[in-house]
Structure formats: C-alpha cells, structure tokens
file target.tsv (TSV, C-alpha atoms)
chain	number	residue	atom	x	y	z
A	259	MET	CA	151.34	87.59	113.62
A	260	VAL	CA	147.62	86.97	113.22
A	261	ASN	CA	146.20	85.77	109.92
A	262	THR	CA	143.31	88.19	109.74
A	263	GLU	CA	142.40	91.20	107.64
A	264	THR	CA	141.12	94.44	109.14
A	265	LEU	CA	138.61	96.06	106.84
A	266	THR	CA	136.27	98.99	107.33
A	267	SER	CA	132.91	99.88	105.88
A	268	ALA	CA	131.13	103.24	106.01
A	269	ARG	CA	128.37	103.44	108.57
A	270	THR	CA	125.46	103.38	106.11
A	271	ALA	CA	127.15	103.21	102.70
A	272	ALA	CA	126.83	100.59	101.09
A	273	TYR	CA	125.70	63.87	108.77
A	274	VAL	CA	127.07	63.10	104.43
A	275	VAL	CA	129.78	60.45	103.93
A	276	ALA	CA	131.68	62.45	101.34
A	277	VAL	CA	132.49	65.02	103.98
A	278	VAL	CA	135.02	62.67	105.58
A	279	LEU	CA	137.45	64.16	103.05
A	280	ALA	CA	137.55	67.16	105.35
A	281	LEU	CA	139.97	65.32	107.60
A	282	VAL	CA	142.79	65.51	105.10
A	283	THR	CA	142.07	68.94	103.67
A	284	ALA	CA	144.65	71.53	104.74
A	285	SER	CA	144.03	75.20	105.28
A	286	VAL	CA	145.83	77.65	103.02
A	287	LEU	CA	145.80	81.20	104.34
A	288	ALA	CA	147.66	84.20	103.02
A	289	PRO	CA	149.69	85.72	105.84
A	290	VAL	CA	148.19	89.13	106.60
A	291	VAL	CA	149.27	91.22	109.57
A	292	TRP	CA	146.48	92.62	111.68
A	293	SER	CA	147.81	95.82	113.22
A	294	VAL	CA	145.55	97.70	115.59
A	295	ALA	CA	147.57	100.83	114.88
A	296	SER	CA	146.47	100.65	111.25
A	297	ALA	CA	142.77	100.84	112.13
A	298	PRO	CA	141.51	104.26	111.03
A	299	ALA	CA	140.12	106.69	113.52
A	300	GLY	CA	136.58	107.95	113.28
A	301	ASP	CA	133.09	106.56	113.57
A	302	ASP	CA	133.24	103.91	110.85
A	303	PRO	CA	132.85	100.40	112.31
A	304	THR	CA	135.98	98.25	112.20
A	305	VAL	CA	135.27	94.77	110.85
A	306	VAL	CA	137.78	91.94	111.14
A	307	VAL	CA	137.71	89.23	108.46
A	308	ILE	CA	138.80	85.78	109.68
A	309	THR	CA	139.28	83.03	107.13
A	310	LEU	CA	138.79	79.27	107.41
A	311	ARG	CA	139.69	77.30	104.30
A	312	GLY	CA	139.84	73.53	104.62
A	313	GLY	CA	138.43	70.97	107.00
A	314	THR	CA	137.22	71.68	110.50
A	315	ASN	CA	140.15	69.74	111.93
A	316	ASP	CA	142.06	70.63	115.10
A	317	LEU	CA	144.74	72.69	113.35
A	318	ASN	CA	142.37	74.87	111.36
A	319	VAL	CA	139.82	75.28	114.13
A	320	ASN	CA	142.45	76.14	116.75
A	321	ARG	CA	143.74	78.90	114.47
A	322	VAL	CA	140.29	80.35	113.92
A	323	THR	CA	139.20	80.11	117.57
A	324	THR	CA	142.38	81.96	118.57
A	325	GLN	CA	141.63	84.71	116.06
A	326	LEU	CA	138.02	84.94	117.27
A	327	ARG	CA	139.21	85.27	120.87
A	328	GLN	CA	141.63	88.03	119.86
A	329	ALA	CA	138.79	89.83	118.09
A	330	ARG	CA	136.62	89.64	121.19
A	331	GLU	CA	139.42	90.95	123.38
A	332	ASN	CA	140.35	93.81	121.06
A	333	PRO	CA	138.34	96.94	121.96
A	334	THR	CA	138.82	98.41	118.48
A	335	VAL	CA	137.04	95.50	116.78
A	336	GLU	CA	133.29	96.01	116.45
A	337	ALA	CA	132.24	93.13	114.19
A	338	VAL	CA	133.57	89.95	112.57
A	339	VAL	CA	133.17	88.40	109.15
A	340	LEU	CA	133.99	84.69	109.11
A	341	ARG	CA	134.98	83.77	105.55
A	342	ILE	CA	134.63	80.01	105.12
A	343	ASP	CA	135.28	77.36	102.51
A	344	SER	CA	135.02	74.06	104.38
A	345	PRO	CA	133.50	70.61	103.84
A	346	GLY	CA	133.45	69.95	107.58
A	347	GLY	CA	135.36	67.44	109.66
A	348	PRO	CA	135.43	65.67	113.04
A	349	VAL	CA	132.61	66.28	115.48
A	350	ASP	CA	134.85	67.39	118.36
A	351	SER	CA	136.67	70.14	116.48
A	352	SER	CA	133.50	71.19	114.64
A	353	GLU	CA	131.88	71.69	118.04
A	354	GLU	CA	134.85	73.82	119.10
A	355	LEU	CA	134.30	76.03	116.06
A	356	TYR	CA	130.59	76.27	116.80
A	357	LEU	CA	131.21	77.24	120.42
A	358	ALA	CA	133.81	79.87	119.47
A	359	VAL	CA	131.49	81.43	116.87
A	360	SER	CA	128.58	81.34	119.32
A	361	ARG	CA	130.66	82.99	122.04
A	362	THR	CA	131.79	85.69	119.64
A	363	ALA	CA	128.26	86.30	118.33
A	364	ASN	CA	127.14	86.90	121.91
A	365	GLU	CA	129.58	89.81	122.14
A	366	LEU	CA	129.94	91.15	118.57
A	367	PRO	CA	128.00	91.00	115.32
A	368	VAL	CA	129.23	88.00	113.31
A	369	VAL	CA	128.47	87.50	109.62
A	370	ALA	CA	129.51	84.33	107.79
A	371	TYR	CA	130.58	84.58	104.17
A	372	VAL	CA	130.57	81.26	102.30
A	373	GLU	CA	133.34	81.63	99.78
A	374	GLY	CA	132.79	78.20	98.27
A	375	LEU	CA	131.50	75.48	100.59
A	376	ALA	CA	130.05	75.31	104.10
A	377	ALA	CA	128.93	71.73	104.58
A	378	SER	CA	128.43	69.42	107.53
A	379	GLY	CA	130.67	70.60	110.39
A	380	GLY	CA	131.54	73.69	108.35
A	381	TYR	CA	127.90	74.77	108.25
A	382	TYR	CA	127.36	73.71	111.85
A	383	GLY	CA	130.18	76.04	112.86
A	384	ILE	CA	128.62	79.12	111.25
A	385	ALA	CA	125.06	78.45	112.40
A	386	PRO	CA	125.26	80.98	115.29
A	387	ALA	CA	126.25	83.82	112.93
A	388	ASP	CA	123.93	86.81	112.75
A	389	GLY	CA	123.80	86.43	108.98
A	390	ILE	CA	125.04	84.08	106.26
A	391	VAL	CA	126.05	85.54	102.89
A	392	VAL	CA	126.61	83.20	99.93
A	393	LYS	CA	127.65	83.49	96.31
A	394	PRO	CA	125.40	81.96	93.61
A	395	SER	CA	127.96	79.16	93.27
A	396	SER	CA	128.35	78.57	97.02
A	397	THR	CA	127.17	75.25	98.46
A	398	VAL	CA	125.76	74.85	101.97
A	399	GLY	CA	124.05	72.12	103.96
A	400	SER	CA	124.92	68.45	104.43
A	401	ILE	CA	123.58	68.33	107.99
A	402	GLY	CA	124.60	65.04	109.57
A	403	VAL	CA	127.19	62.80	111.23
A	404	ILE	CA	129.40	59.80	110.52
A	405	VAL	CA	130.75	57.40	113.14
A	406	GLN	CA	134.13	55.81	112.43
A	407	ALA	CA	134.22	52.09	113.23
A	408	PRO	CA	135.39	48.70	111.84
A	409	LEU	CA	134.69	48.19	108.15
A	410	SER	CA	131.70	45.90	108.60
A	411	ALA	CA	130.09	48.32	111.03
A	412	VAL	CA	130.85	51.32	108.84
A	413	GLU	CA	129.25	49.64	105.84
A	414	ASP	CA	126.12	49.17	107.89
A	415	ALA	CA	126.15	52.66	109.34
A	416	GLU	CA	126.81	54.37	106.02
A	417	ARG	CA	123.51	53.05	104.70
A	418	GLN	CA	121.88	55.68	106.87
A	419	ARG	CA	121.43	59.16	105.53
A	420	GLY	CA	122.68	62.38	107.07
A	421	THR	CA	126.16	61.73	108.34
A	422	PHE	CA	129.47	63.59	109.44
A	423	LEU	CA	132.59	62.04	110.95
A	424	ARG	CA	132.94	60.86	114.56
A	425	THR	CA	136.18	59.31	115.77
A	426	GLY	CA	136.48	57.07	118.81
A	427	PRO	CA	139.45	55.83	120.88
A	428	ASP	CA	138.36	52.17	120.82
A	429	LYS	CA	137.00	51.59	117.33
A	430	ALA	CA	137.24	47.78	117.56
A	431	GLN	CA	134.75	47.69	120.44
A	432	ILE	CA	132.04	49.68	118.67
A	433	THR	CA	129.01	47.54	117.82
A	434	VAL	CA	126.59	48.16	115.00
A	435	ASP	CA	123.84	48.87	117.54
A	436	GLY	CA	126.17	51.28	119.31
A	437	ILE	CA	126.90	53.02	116.03
A	438	ARG	CA	123.22	53.36	115.27
A	439	GLU	CA	122.55	54.79	118.71
A	440	GLU	CA	125.43	57.25	118.49
A	441	LEU	CA	124.44	58.30	114.99
A	442	GLU	CA	120.90	58.98	116.11
A	443	LEU	CA	121.98	60.97	119.18
A	444	LEU	CA	124.52	63.05	117.27
A	445	GLN	CA	122.15	63.55	114.37
A	446	ARG	CA	119.36	64.79	116.61
A	447	ALA	CA	121.70	67.14	118.42
A	448	PHE	CA	123.15	68.47	115.17
A	449	VAL	CA	119.77	69.06	113.56
A	450	SER	CA	118.40	70.61	116.77
A	451	THR	CA	121.26	73.11	116.77
A	452	ILE	CA	120.53	74.14	113.19
A	453	MET	CA	116.81	74.44	113.93
A	454	THR	CA	117.56	76.58	117.00
A	455	HIS	CA	119.70	79.06	115.07
A	456	ARG	CA	118.00	78.99	111.65
A	457	GLY	CA	114.48	77.79	112.45
A	458	ASP	CA	112.85	81.20	111.99
A	459	GLU	CA	114.35	81.51	108.51
A	460	LEU	CA	114.00	77.92	107.31
A	461	THR	CA	111.14	76.97	105.02
A	462	LEU	CA	112.12	73.29	105.34
A	463	SER	CA	110.78	70.87	107.93
A	464	ARG	CA	113.05	69.30	110.53
A	465	ASP	CA	112.94	66.01	108.58
A	466	GLU	CA	113.97	67.78	105.38
A	467	VAL	CA	116.88	69.43	107.17
A	468	ALA	CA	117.95	66.02	108.50
A	469	ASN	CA	118.08	64.60	104.96
A	470	ALA	CA	121.60	66.06	104.66
A	471	ASP	CA	121.00	67.65	101.26
A	472	THR	CA	123.21	70.45	99.95
A	473	TYR	CA	122.01	73.62	98.27
A	474	LEU	CA	123.50	76.15	95.88
A	475	GLY	CA	123.40	79.81	96.89
A	476	PRO	CA	120.05	80.92	95.43
A	477	GLU	CA	118.22	77.84	96.73
A	478	ALA	CA	119.90	78.21	100.12
A	479	VAL	CA	118.61	81.79	100.38
A	480	GLU	CA	115.15	80.64	99.31
A	481	ASN	CA	114.93	77.84	101.89
A	482	GLY	CA	116.58	79.76	104.73
A	483	PHE	CA	119.97	78.05	104.93
A	484	ALA	CA	121.46	81.44	104.00
A	485	ASP	CA	120.27	85.03	104.16
A	486	ARG	CA	121.41	86.77	101.02
A	487	ILE	CA	123.47	86.53	97.84
A	488	GLY	CA	126.60	88.66	97.89
A	489	ASP	CA	130.37	88.86	97.96
A	490	LEU	CA	132.89	89.51	100.71
A	491	GLU	CA	132.24	93.25	100.53
A	492	SER	CA	128.52	92.60	101.02
A	493	ALA	CA	129.28	90.54	104.12
A	494	ILE	CA	131.51	93.30	105.52
A	495	GLN	CA	128.81	95.87	104.88
A	496	ARG	CA	126.21	93.70	106.59
A	497	ALA	CA	128.49	93.31	109.62
A	498	ALA	CA	129.05	97.08	109.77
A	499	GLU	CA	125.33	97.73	109.54
A	500	ALA	CA	124.77	95.31	112.42
A	501	VAL	CA	127.07	97.46	114.55
A	502	ASP	CA	124.86	100.44	113.78
A	503	GLY	CA	121.69	98.49	114.41
A	504	ILE	CA	120.45	99.02	110.86
call {"tool": "encode", "arguments": {"input": "target.tsv", "output": "structure tokens"}}
result
Amino acid sequence: MVNTETLTSARTAAYVVAVVLALVTASVLAPVVWSVASAPAGDDPTVVVITLRGGTNDLNVNRVTTQLRQARENPTVEAVVLRIDSPGGPVDSSEELYLAVSRTANELPVVAYVEGLAASGGYYGIAPADGIVVKPSSTVGSIGVIVQAPLSAVEDAERQRGTFLRTGPDKAQITVDGIREELELLQRAFVSTIMTHRGDELTLSRDEVANADTYLGPEAVENGFADRIGDLESAIQRAAEAVDGI
C-alpha cells in the first residue's frame, strides 16, 4: 500500500532555532491506496499527490522518497504534486528530501503545495520544484541551520541568525569555533541552493534570504519564495499544465 492519491486534471481546463521542534513532530497521513488500474484512460495527464506532514526526519522523508521513486518508475504517472506541511528537521534527512525532489523534477513536472508550513529543511526540500503554490495563510522561509552541541556551545551558536538543526556523533568534542565554522559552511550551502533554484524569481538579496525570515503566502509570492496563491486543485492543475507545456 502506498500513501498517495492519484488525481487527474483536464489538459487545459482549469537556519531558525524554533524549527528544532521538527525533530519530534510525527507525520499523520490518511491511508489511501494508489492503484494504477484506477487511473482513467485517455489524454488527461495523471498527477500523483504525495503528502508530507510533520518534520523532515528519517521516517517521514524515507516514506516520501519511496513514493517519489515509485512515481518516477510508474509509466502512467506524468506529474507530481508534493503537498507539504513541515517545519523542517535534521540536515541529513532534509538533504535526502531535497535530492529526491530534485531527481524527480528532472524526470517529471513537480509542483509543491504548501498546505500550512514549509520552513527551514521543509522549504529546502521543495526548492527544486517547478512551482510552489501557497495559501494566503501558508508560511514559508526560515532559511538556515542549527548545530547541536553542548549547552554552552549551543548558547553561543544560537546567538547567530539563520539556523536549522545539525546533529553530530561526538557532540562533546565540538568547539565553539567548530560550531561557528560548521554553521557558516552549512548556511552558505543552504542559501546557495535556494538562490540556485529560486534566484530568478526572488526579489530579495542573498543577505536578505540568509536572514531566515518567514513569510505568509501573499508576501512569499511577492518576494519570489512562492509562485502563486491557490489550493490543492490549483497545484494539480499547474502540474497538469506543465505536462502539456502550457
């Protein structure tokens, strides 16, 4: 059983400290059977909706990357909508999500639909999407990293802006200088990735992006963090239009 929803649309119709909470946020997905046999025949593009609710932790990301791989391998699937409501999470698993979305976007149109929140690693993961659709109440942004370390080092590191969580196997050996260096390297890499994928749309400077601010839907569309206001149906339609090259 795969927790995805197969939907169709007519061809032309239609790094911030608070994000550490993502580590303990569980994903709640309604079990929906994706049956290839149920996909209707005809010329209408078939769009698969894959949902990520909760942190970008190993469990949630593994589920989504598996579903993305199945979508890529299924010849009846022509586009993907990634529905997301996530505050982010660990760097390693967030990178896995990013790589899976990027790999899928290289083969199929991918549209991200921000159901509620796409922050930090959650936004990083959807950056390669061909389009980002948000609701007026959706929140996106929070571009940054956090390094986990001993309390004294964390207190020092957390004074820096723009943070999302990094875990290490030997936390006791991490120095404050090492934390600063790792923060700077991860932060530059994270911001560079966003600038690569969204740079043509962004009206913000690189420094403004690195400030790790969050934006509600209308402001996100205005500054280029998102592409349009809409609902899930709008995202599905956009994905279907991408199949047709509209």
call {"tool": "atom_distance", "arguments": {"input": "target.tsv", "atom1": "CA of Glu491 (chain A)", "atom2": "CA of Arg456 (chain A)"}}
result
23.0 Å
call {"tool": "closest_residue", "arguments": {"input": "target.tsv", "among": "A:Val359, A:Ala497, A:Val467, A:Ala377", "to": "Val338 (chain A)", "atoms": "only C-alpha atoms"}}
result
A:Ala497
call {"tool": "residues_around", "arguments": {"input": "target.tsv", "residues": "Thr309 (chain A)", "least_positions_apart": "3", "cutoff": "6 Å", "atoms": "all atoms listed in the file", "output": "ChimeraX atom specification"}}
result
/A:340-342
call {"tool": "residues_around", "arguments": {"input": "target.tsv", "residues": "Tyr381 (chain A)", "least_positions_apart": "6", "cutoff": "10 Å", "atoms": "all atoms listed in the file", "output": "PyMOL selection string"}}
result
chain A and resi 342-346+352+356+370+372+375+390+397-401+452+483
call {"tool": "write_last_selection", "arguments": {"input": "target.tsv", "atoms": "C-alpha atoms", "output": "CSV table (one decimal), keeping the file's coordinate frame"}}
result
chain,number,residue,atom,x,y,z
A,342,ILE,CA,134.6,80.0,105.1
A,343,ASP,CA,135.3,77.4,102.5
A,344,SER,CA,135.0,74.1,104.4
A,345,PRO,CA,133.5,70.6,103.8
A,346,GLY,CA,133.4,70.0,107.6
A,352,SER,CA,133.5,71.2,114.6
A,356,TYR,CA,130.6,76.3,116.8
A,370,ALA,CA,129.5,84.3,107.8
A,372,VAL,CA,130.6,81.3,102.3
A,375,LEU,CA,131.5,75.5,100.6
A,390,ILE,CA,125.0,84.1,106.3
A,397,THR,CA,127.2,75.2,98.5
A,398,VAL,CA,125.8,74.8,102.0
A,399,GLY,CA,124.0,72.1,104.0
A,400,SER,CA,124.9,68.4,104.4
A,401,ILE,CA,123.6,68.3,108.0
A,452,ILE,CA,120.5,74.1,113.2
A,483,PHE,CA,120.0,78.0,104.9
call {"tool": "closest_residue", "arguments": {"input": "target.tsv", "among": "A:Ser378, A:Val306, A:Val349, A:Tyr371", "to": "Ala470 (chain A)", "atoms": "all atoms listed in the file"}}
result
A:Ser378
call {"tool": "closest_residue", "arguments": {"input": "target.tsv", "among": "A:Thr323, A:Ser492, A:Thr314, A:Thr454", "to": "Val392 (chain A)", "atoms": "only C-alpha atoms"}}
result
A:Ser492
call {"tool": "atom_distance", "arguments": {"input": "target.tsv", "atom1": "CA of Val369 (chain A)", "atom2": "CA of Pro303 (chain A)"}}
result
13.9 Å
call {"tool": "atom_distance", "arguments": {"input": "target.tsv", "atom1": "CA of Glu365 (chain A)", "atom2": "CA of Glu331 (chain A)"}}
result
10.0 Å
call {"tool": "residues_near_point", "arguments": {"input": "target.tsv", "point": "(125.1, 86.4, 100.2)", "cutoff": "6 Å", "atoms": "only C-alpha atoms", "output": "number ranges by chain"}}
result
A: 391-393, 486-488
